[in-house]
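> See run38.csv below, with CSV, C-alpha atoms.
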chain,number,residue,atom,x,y,z
Q,1,MET,CA,10.8,-3.9,6.4
Q,2,ILE,CA,9.4,-2.4,3.2
Q,3,ASP,CA,6.1,-0.4,3.5
Q,4,ILE,CA,4.5,-0.2,0.1
Q,5,HIS,CA,1.3,1.7,1.0
Q,6,CYS,CA,1.6,4.8,3.1
Q,7,HIS,CA,0.7,8.5,2.9
Q,8,LEU,CA,3.8,10.3,4.0
Q,9,LEU,CA,3.9,13.1,1.5
Q,10,PRO,CA,2.9,16.6,2.8
Q,11,ASP,CA,-0.1,18.6,1.7
Q,12,ILE,CA,-1.1,16.3,-1.2
Q,13,ASP,CA,-4.0,14.3,0.2
Q,14,ASP,CA,-5.3,13.3,3.6
Q,15,GLY,CA,-1.9,12.6,4.9
Q,16,PRO,CA,0.5,15.0,6.7
Q,17,ALA,CA,-0.4,18.7,6.4
Q,18,SER,CA,3.2,20.0,6.4
Q,19,MET,CA,6.7,18.9,5.7
Q,20,VAL,CA,7.5,18.9,9.4
Q,21,GLU,CA,4.6,16.4,10.0
Q,22,ALA,CA,5.7,14.3,7.0
Q,23,VAL,CA,9.3,14.0,8.4
Q,24,ASP,CA,8.0,13.1,11.8
Q,25,LEU,CA,5.8,10.3,10.3
Q,26,ALA,CA,8.8,9.0,8.3
Q,27,ARG,CA,10.9,9.1,11.5
Q,28,GLN,CA,8.2,7.0,13.2
Q,29,ALA,CA,8.3,4.5,10.4
Q,30,VAL,CA,12.1,4.2,10.7
Q,31,VAL,CA,11.9,3.7,14.5
Q,32,GLY,CA,9.4,0.9,13.9
Q,33,GLY,CA,11.8,-0.9,11.6
Q,34,VAL,CA,10.9,0.4,8.1
Q,35,THR,CA,13.9,1.1,5.9
Q,36,HIS,CA,12.2,1.5,2.5
Q,37,ALA,CA,8.8,3.0,1.7
Q,38,ILE,CA,6.6,3.5,-1.4
Q,39,VAL,CA,4.6,6.6,-0.8
Q,40,THR,CA,1.1,6.2,-2.4
Q,41,PRO,CA,-0.9,9.5,-2.4
Q,42,HIS,CA,-4.5,9.2,-3.5
Q,43,ILE,CA,-5.5,9.7,-7.1
Q,44,HIS,CA,-9.3,10.1,-6.7
Q,45,HIS,CA,-11.0,12.2,-9.3
Q,46,GLY,CA,-13.2,14.9,-7.9
Q,47,ARG,CA,-11.3,14.8,-4.6
Q,48,TRP,CA,-7.6,14.5,-5.0
Q,49,GLU,CA,-6.5,15.3,-8.5
Q,50,ASN,CA,-2.9,14.2,-8.2
Q,51,THR,CA,-0.8,13.4,-11.2
Q,52,LYS,CA,2.3,11.4,-11.8
Q,53,LYS,CA,4.3,14.6,-12.4
Q,54,GLY,CA,3.0,16.3,-9.3
Q,55,ILE,CA,3.7,13.4,-7.1
Q,56,ARG,CA,7.2,13.1,-8.4
Q,57,SER,CA,7.8,16.8,-7.6
Q,58,VAL,CA,6.7,16.4,-4.0
Q,59,VAL,CA,8.7,13.2,-3.6
Q,60,ASN,CA,11.9,15.0,-4.6
Q,61,LYS,CA,11.3,17.7,-2.0
Q,62,PHE,CA,10.5,15.1,0.6
Q,63,ARG,CA,13.7,13.2,-0.1
Q,64,MET,CA,15.7,16.4,0.5
Q,65,ALA,CA,13.9,17.0,3.7
Q,66,LEU,CA,14.6,13.5,5.0
Q,67,ALA,CA,18.3,13.9,4.1
Q,68,ALA,CA,18.4,17.3,5.9
Q,69,GLU,CA,16.9,15.8,9.0
Q,70,ASN,CA,19.0,12.6,8.8
Q,71,VAL,CA,16.0,10.3,8.6
Q,72,PRO,CA,17.3,7.1,6.9
Q,73,LEU,CA,14.3,6.1,4.9
Q,74,SER,CA,14.6,5.3,1.2
Q,75,ILE,CA,11.6,6.6,-0.8
Q,76,GLY,CA,9.9,5.3,-3.9
Q,77,TYR,CA,6.5,6.4,-5.2
Q,78,ALA,CA,3.3,5.1,-6.8
Q,79,ALA,CA,-0.4,6.1,-6.1
Q,80,GLU,CA,-3.5,4.7,-4.5
Q,81,VAL,CA,-5.9,4.8,-7.5
Q,82,ARG,CA,-9.6,5.0,-6.8
Q,83,ILE,CA,-11.6,2.7,-9.0
Q,84,GLY,CA,-13.6,4.4,-11.7
Q,85,ILE,CA,-14.1,4.8,-15.4
Q,86,GLU,CA,-11.3,7.4,-15.5
Q,87,ILE,CA,-8.8,4.5,-15.3
Q,88,LEU,CA,-9.8,3.6,-18.9
Q,89,THR,CA,-8.2,6.8,-20.2
Q,90,MET,CA,-5.5,7.2,-17.5
Q,91,LEU,CA,-3.9,3.9,-18.5
Q,92,PRO,CA,-3.3,4.5,-22.2
Q,93,ASN,CA,-2.2,8.1,-21.4
Q,94,ARG,CA,0.4,6.7,-19.0
Q,95,GLU,CA,-0.9,8.7,-16.1
Q,96,ILE,CA,-0.8,5.9,-13.5
Q,97,PRO,CA,2.4,5.5,-11.3
Q,98,TYR,CA,2.7,1.8,-10.7
Q,99,LEU,CA,4.0,0.1,-7.6
Q,100,GLY,CA,6.3,-2.2,-9.5
Q,101,ARG,CA,5.9,-5.6,-11.1
Q,102,TRP,CA,4.5,-9.0,-10.2
Q,103,GLY,CA,5.9,-11.4,-12.8
Q,104,GLU,CA,5.4,-9.9,-16.1
Q,105,ASP,CA,2.5,-7.6,-14.9
Q,106,LYS,CA,2.7,-4.0,-13.7
Q,107,VAL,CA,1.1,-3.6,-10.3
Q,108,MET,CA,-1.4,-0.9,-9.6
Q,109,LEU,CA,-2.7,-0.2,-6.0
Q,110,LEU,CA,-6.4,-0.1,-6.5
Q,111,GLU,CA,-8.8,1.4,-3.9
Q,112,MET,CA,-12.5,0.5,-3.7
Q,113,PRO,CA,-15.1,2.7,-2.0
Q,114,HIS,CA,-15.1,1.9,1.7
Q,115,ASN,CA,-18.8,1.2,1.9
Q,116,ARG,CA,-19.1,-1.3,-0.9
Q,117,ILE,CA,-17.7,-3.1,-4.0
Q,118,LEU,CA,-19.1,-1.3,-7.0
Q,119,PRO,CA,-21.0,-3.3,-9.6
Q,120,GLY,CA,-18.7,-3.8,-12.6
Q,121,THR,CA,-15.5,-3.9,-10.5
Q,122,ASP,CA,-14.8,-7.4,-11.9
Q,123,LYS,CA,-15.1,-6.0,-15.4
Q,124,ILE,CA,-12.6,-3.2,-14.8
Q,125,VAL,CA,-10.2,-5.7,-13.2
Q,126,SER,CA,-10.5,-8.0,-16.2
Q,127,TRP,CA,-9.8,-5.2,-18.6
Q,128,LEU,CA,-6.7,-4.2,-16.5
Q,129,MET,CA,-5.4,-7.7,-16.5
Q,130,LYS,CA,-5.7,-7.8,-20.3
Q,131,GLN,CA,-3.6,-4.7,-20.5
Q,132,GLY,CA,-0.8,-6.4,-18.4
Q,133,VAL,CA,-1.8,-4.5,-15.2
Q,134,ARG,CA,-2.5,-6.6,-12.1
Q,135,PRO,CA,-4.5,-4.7,-9.4
Q,136,MET,CA,-3.5,-4.9,-5.8
Q,137,ILE,CA,-6.6,-4.3,-3.8
Q,138,ALA,CA,-5.9,-1.9,-0.9
Q,139,HIS,CA,-7.2,-2.8,2.5
Q,140,PRO,CA,-10.0,-5.2,1.5
Q,141,GLU,CA,-10.7,-6.1,5.1
Q,142,ARG,CA,-12.0,-2.6,5.8
Q,143,ASN,CA,-14.5,-2.6,2.9
Q,144,LYS,CA,-18.1,-2.7,4.3
Q,145,ASP,CA,-19.3,-5.3,1.8
Q,146,VAL,CA,-16.4,-7.6,2.7
Q,147,MET,CA,-17.1,-7.0,6.4
Q,148,ARG,CA,-20.7,-8.2,5.8
Q,149,LYS,CA,-19.7,-11.1,3.7
Q,150,ILE,CA,-16.1,-12.2,2.9
Q,151,GLU,CA,-17.3,-14.2,-0.1
Q,152,LYS,CA,-17.7,-10.8,-1.9
Q,153,LEU,CA,-14.0,-11.0,-2.6
Q,154,ALA,CA,-14.2,-14.3,-4.4
Q,155,PRO,CA,-14.5,-12.9,-8.0
Q,156,LEU,CA,-11.5,-10.7,-7.4
Q,157,ILE,CA,-9.5,-13.6,-6.0
Q,158,ASP,CA,-10.5,-15.8,-9.0
Q,159,LEU,CA,-9.4,-13.0,-11.4
Q,160,GLY,CA,-5.9,-13.0,-9.8
Q,161,CYS,CA,-5.9,-9.8,-7.9
Q,162,LEU,CA,-3.2,-9.2,-5.3
Q,163,PHE,CA,-4.3,-8.1,-1.8
Q,164,GLN,CA,-2.8,-5.6,0.7
Q,165,VAL,CA,-4.0,-5.9,4.3
Q,166,THR,CA,-3.5,-3.0,6.8
Q,167,ALA,CA,-1.2,-3.6,9.7
Q,168,GLY,CA,-3.5,-1.8,12.1
Q,169,SER,CA,-6.4,-4.1,11.0
Q,170,ILE,CA,-4.6,-7.2,12.2
Q,171,ALA,CA,-3.8,-5.4,15.5
Q,172,GLY,CA,-7.4,-4.5,16.1
Q,173,GLN,CA,-7.1,-0.8,15.4
Q,174,PHE,CA,-10.0,-0.7,12.9
Q,175,GLY,CA,-12.5,-2.7,15.0
Q,176,GLU,CA,-13.3,-6.3,15.5
Q,177,MET,CA,-14.8,-7.0,12.1
Q,178,ALA,CA,-11.8,-5.6,10.2
Q,179,GLN,CA,-9.6,-7.6,12.5
Q,180,LEU,CA,-11.6,-10.8,11.9
Q,181,ARG,CA,-11.5,-10.3,8.1
Q,182,ALA,CA,-7.8,-9.6,8.1
Q,183,ARG,CA,-7.2,-12.8,10.1
Q,184,GLN,CA,-9.4,-14.8,7.7
Q,185,LEU,CA,-7.6,-13.5,4.7
Q,186,LEU,CA,-4.3,-14.4,6.2
Q,187,GLU,CA,-5.5,-17.9,7.0
Q,188,MET,CA,-6.8,-18.2,3.4
Q,189,GLY,CA,-3.4,-17.4,2.1
Q,190,VAL,CA,-4.5,-14.7,-0.3
Q,191,VAL,CA,-2.7,-11.7,1.4
Q,192,THR,CA,0.2,-10.5,-0.7
Q,193,VAL,CA,1.6,-7.8,1.5
Q,194,LEU,CA,1.0,-6.0,4.8
Q,195,ALA,CA,1.4,-2.2,4.7
Q,196,SER,CA,0.8,0.5,7.3
Q,197,ASP,CA,-1.4,2.9,5.2
Q,198,ALA,CA,0.0,5.5,7.5
Q,199,HIS,CA,-1.5,9.0,7.4
Q,200,HIS,CA,-0.8,10.6,10.8
Q,201,ILE,CA,1.6,10.0,13.6
Q,202,LYS,CA,-1.2,9.5,16.2
Q,203,ARG,CA,-4.5,8.9,14.4
Q,204,ARG,CA,-3.1,6.6,11.6
Q,205,PRO,CA,0.5,5.8,12.6
Q,206,ALA,CA,3.3,4.0,10.8
Q,207,ASN,CA,3.0,0.7,12.6
Q,208,LEU,CA,4.0,-2.0,10.2
Q,209,GLY,CA,5.9,-3.8,12.8
Q,210,LEU,CA,2.9,-4.1,15.0
Q,211,GLY,CA,1.0,-5.7,12.2
Q,212,ARG,CA,3.8,-8.1,11.4
Q,213,ASP,CA,3.9,-9.3,15.0
Q,214,ALA,CA,0.2,-9.8,15.0
Q,215,ALA,CA,0.3,-11.7,11.7
Q,216,ALA,CA,3.2,-13.9,13.0
Q,217,LYS,CA,0.9,-15.2,15.8
Q,218,ILE,CA,-1.5,-16.4,13.0
Q,219,ILE,CA,0.7,-17.6,10.2
Q,220,GLY,CA,4.2,-17.8,11.8
Q,221,GLU,CA,7.3,-15.6,11.7
Q,222,GLY,CA,8.5,-16.8,8.3
Q,223,GLU,CA,5.2,-16.2,6.5
Q,224,ALA,CA,4.8,-12.8,8.2
Q,225,ARG,CA,8.3,-11.8,7.1
Q,226,LYS,CA,7.3,-12.6,3.5
Q,227,LEU,CA,4.5,-10.1,3.7
Q,228,VAL,CA,6.6,-7.2,5.0
Q,229,TYR,CA,9.9,-7.9,3.1
Q,230,ASP,CA,10.1,-10.7,0.6
Q,231,ASN,CA,6.9,-10.0,-1.4
Q,232,PRO,CA,7.3,-6.2,-1.3
Q,233,LEU,CA,10.9,-6.6,-2.4
Q,234,ARG,CA,9.9,-8.8,-5.3
Q,235,MET,CA,7.3,-6.2,-6.3
Q,236,VAL,CA,9.0,-2.9,-5.8
Q,237,GLY,CA,12.7,-3.7,-5.6
Q,238,GLU,CA,13.4,-2.0,-9.0
Q,239,GLN,CA,12.5,1.3,-7.4
Q,240,PHE,CA,15.5,1.1,-5.1
Q,241,THR,CA,19.2,0.3,-5.8
Q,242,VAL,CA,20.4,-3.2,-5.1
Q,243,ASP,CA,23.1,-1.8,-2.9
Q,244,SER,CA,20.7,0.1,-0.6
Q,245,LEU,CA,18.6,-3.0,-0.1
Q,246,THR,CA,21.6,-5.2,0.6
Q,247,GLU,CA,23.0,-2.7,3.2
Q,248,THR,CA,19.8,-2.6,5.1
Q,249,GLU,CA,18.7,-6.2,5.0
Q,250,ALA,CA,20.4,-7.0,8.3
Q,251,LEU,CA,18.2,-4.4,10.0
Q,252,ILE,CA,14.9,-5.9,8.9
Mind turning the file's structure into structure tokens?

Amino acid sequence: MIDIHCHLLPDIDDGPASMVEAVDLARQAVVGGVTHAIVTPHIHHGRWENTKKGIRSVVNKFRMALAAENVPLSIGYAAEVRIGIEILTMLPNREIPYLGRWGEDKVMLLEMPHNRILPGTDKIVSWLMKQGVRPMIAHPERNKDVMRKIEKLAPLIDLGCLFQVTAGSIAGQFGEMAQLRARQLLEMGVVTVLASDAHHIKRRPANLGLGRDAAAKIIGEGEARKLVYDNPLRMVGEQFTVDSLTETEALI
């Protein structure tokens, strides 16, 4: 499986506090069936002031630690970018690390506030689309506005956004309403990928396989596999060598 939204890097956001914890979380992902992961630390102005250069530096150290501990996890990187007016300057300044591509568009993992969908979100999304950037909305099923009324997502669906649902939501780990919304989004056919959004080995584990199994009961094994392998590969495959993906495909 390919996990394209996870917080495995140490001491960079609200993920692992140390390299030891980071390696343990990566090991948990591997045991659960993940062979490739895109680490996506937060870029959230006023809270986590991460940069593309800084993320890349930590990724290089993390890769070395994984190799030293013989943890067979291939790592790429992007960021979970909090929606805000800062994006309007970050984009032209090339400060956003993208997940990959969807067709001709670059893909940015876009995070909304947990308690609501901000007024003007559709306008920022429209602007991004005109720049050739397709937002992938992170964990929409956990947004309080969406929990209250799933129709709140309609404008973003109509604009062509991609959607990433959290594995733990489908498995019921974020409560009944998040689970219900995750199920509805799967049934609507608008979910592009499942991802773990892993942060901590116990509190927010790397449990992509658990979500895949729960999704398979709703949409079938084949469709569930698309969400944890086929679609992620289509999107982020350029971050990994063809050989490494071919060698590990039999394990997925």
> Please tell me which residues are no farther than 12 Å from (3.5, -2.4, 13.6) in the file, counting only C-alpha atoms, and write them as a ChimeraX atom specification.
/Q:1-3,28-34,166-173,194-198,204-216,224,228
> In Å to one decimal, how far is CA of Trp127 in chain Q from CA of Arg56 in chain Q?
27.0 Å
> Compile the contact shell of Asp13 in chain Q as a count of residues only: residues with an atom at most 8 Å away, counting all atoms listed in the file, same-chain residues fewer than 5 positions apart removed.
4
> For the atom pair CA of Asp122 in chain Q and CA of Gly160 in chain Q, what is the interatomic distance in Å to one decimal place?
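A separation of 10.7 Å between them.
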> Please, what distance in Å, to one decimal, runs between CA of Val146 in chain Q and CA of Leu118 in chain Q?
11.9 Å
> Would you mind telling me which residue in Q:Arg134, Q:Lys52, Q:Arg27, Q:Lys217 lies nearest to Arg183 in chain Q when using all atoms listed in the file?
Q:Lys217
> Restricting the calculation to all atoms listed in the file: of Q:His139, Q:Lys53, Q:Lys130, Q:Lys106, which residue gets closest to Ala178 in chain Q?
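Checking each of Q:His139, Q:Lys53, Q:Lys130, Q:Lys106 against Ala178 in chain Q, counting all atoms listed in the file, the winner is Q:His139.
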> Give me the residues within 9 Å of Pro140 in chain Q as a PyMOL selection string, counting only C-alpha atoms and dropping any in the same chain fewer than 6 places off.
chain Q and resi 111-112+114+146-147+153+163-166+178+181-182
> Choose the residue, out of Q:Thr51, Q:Asn60, Q:Thr35, Q:Gln239, that has the smallest atom-to-atom separation from Leu9 in chain Q; count all atoms listed in the file.
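The answer is Q:Asn60, which sits nearest to Leu9 in chain Q.
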> Of the residues Q:Ile218, Q:Ile83, Q:Ala22, Q:Ile12, which is the one nearest to Ile137 in chain Q, using only C-alpha atoms?
Q:Ile83
> Which one of Q:Met235, Q:Leu8, Q:Ala37, Q:Met177 sits closest to Asn143 in chain Q if you count all atoms listed in the file?
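Looking only at the distances to Asn143 in chain Q, the closest residue turns out to be Q:Met177.
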> When you count all atoms listed in the file, which of these residues is closest to Val133 in chain Q: Q:Arg101, Q:His44, Q:Lys152, Q:Arg82?
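Looking at the shortest contact to Val133 in chain Q, the residue is Q:Arg101.
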> Starting from the incomplete input, reconstruct N, CA and C atoms of range 164-176 of chain Q and write that as a tab-separated table (two decimals), keeping the file's coordinate frame.

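Resulting contents of result.tsv:
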chain	number	residue	atom	x	y	z
Q	164	GLN	N	-3.59	-6.29	-0.35
Q	164	GLN	CA	-2.80	-5.60	0.70
Q	164	GLN	C	-3.67	-5.42	1.91
Q	165	VAL	N	-3.27	-6.01	3.02
Q	165	VAL	CA	-4.00	-5.90	4.30
Q	165	VAL	C	-3.27	-4.85	5.16
Q	166	THR	N	-4.03	-4.07	5.92
Q	166	THR	CA	-3.50	-3.00	6.80
Q	166	THR	C	-2.96	-3.58	8.08
Q	167	ALA	N	-1.76	-3.16	8.46
Q	167	ALA	CA	-1.20	-3.60	9.70
Q	167	ALA	C	-2.07	-3.37	10.89
Q	168	GLY	N	-2.65	-2.18	10.96
Q	168	GLY	CA	-3.50	-1.80	12.10
Q	168	GLY	C	-4.77	-2.68	12.16
Q	169	SER	N	-5.23	-3.20	11.03
Q	169	SER	CA	-6.40	-4.10	11.00
Q	169	SER	C	-6.13	-5.35	11.81
Q	170	ILE	N	-4.98	-5.95	11.54
Q	170	ILE	CA	-4.60	-7.20	12.20
Q	170	ILE	C	-4.45	-6.96	13.71
Q	171	ALA	N	-3.98	-5.78	14.06
Q	171	ALA	CA	-3.80	-5.40	15.50
Q	171	ALA	C	-5.03	-4.96	16.17
Q	172	GLY	N	-6.15	-4.89	15.46
Q	172	GLY	CA	-7.40	-4.50	16.10
Q	172	GLY	C	-7.70	-3.03	16.12
Q	173	GLN	N	-6.95	-2.23	15.37
Q	173	GLN	CA	-7.10	-0.80	15.40
Q	173	GLN	C	-8.24	-0.24	14.55
Q	174	PHE	N	-8.84	-1.10	13.74
Q	174	PHE	CA	-10.00	-0.70	12.90
Q	174	PHE	C	-11.25	-1.43	13.28
Q	175	GLY	N	-11.26	-1.99	14.48
Q	175	GLY	CA	-12.50	-2.70	15.00
Q	175	GLY	C	-12.40	-4.16	14.81
Q	176	GLU	N	-13.33	-4.83	15.49
Q	176	GLU	CA	-13.30	-6.30	15.50
Q	176	GLU	C	-13.58	-6.94	14.19
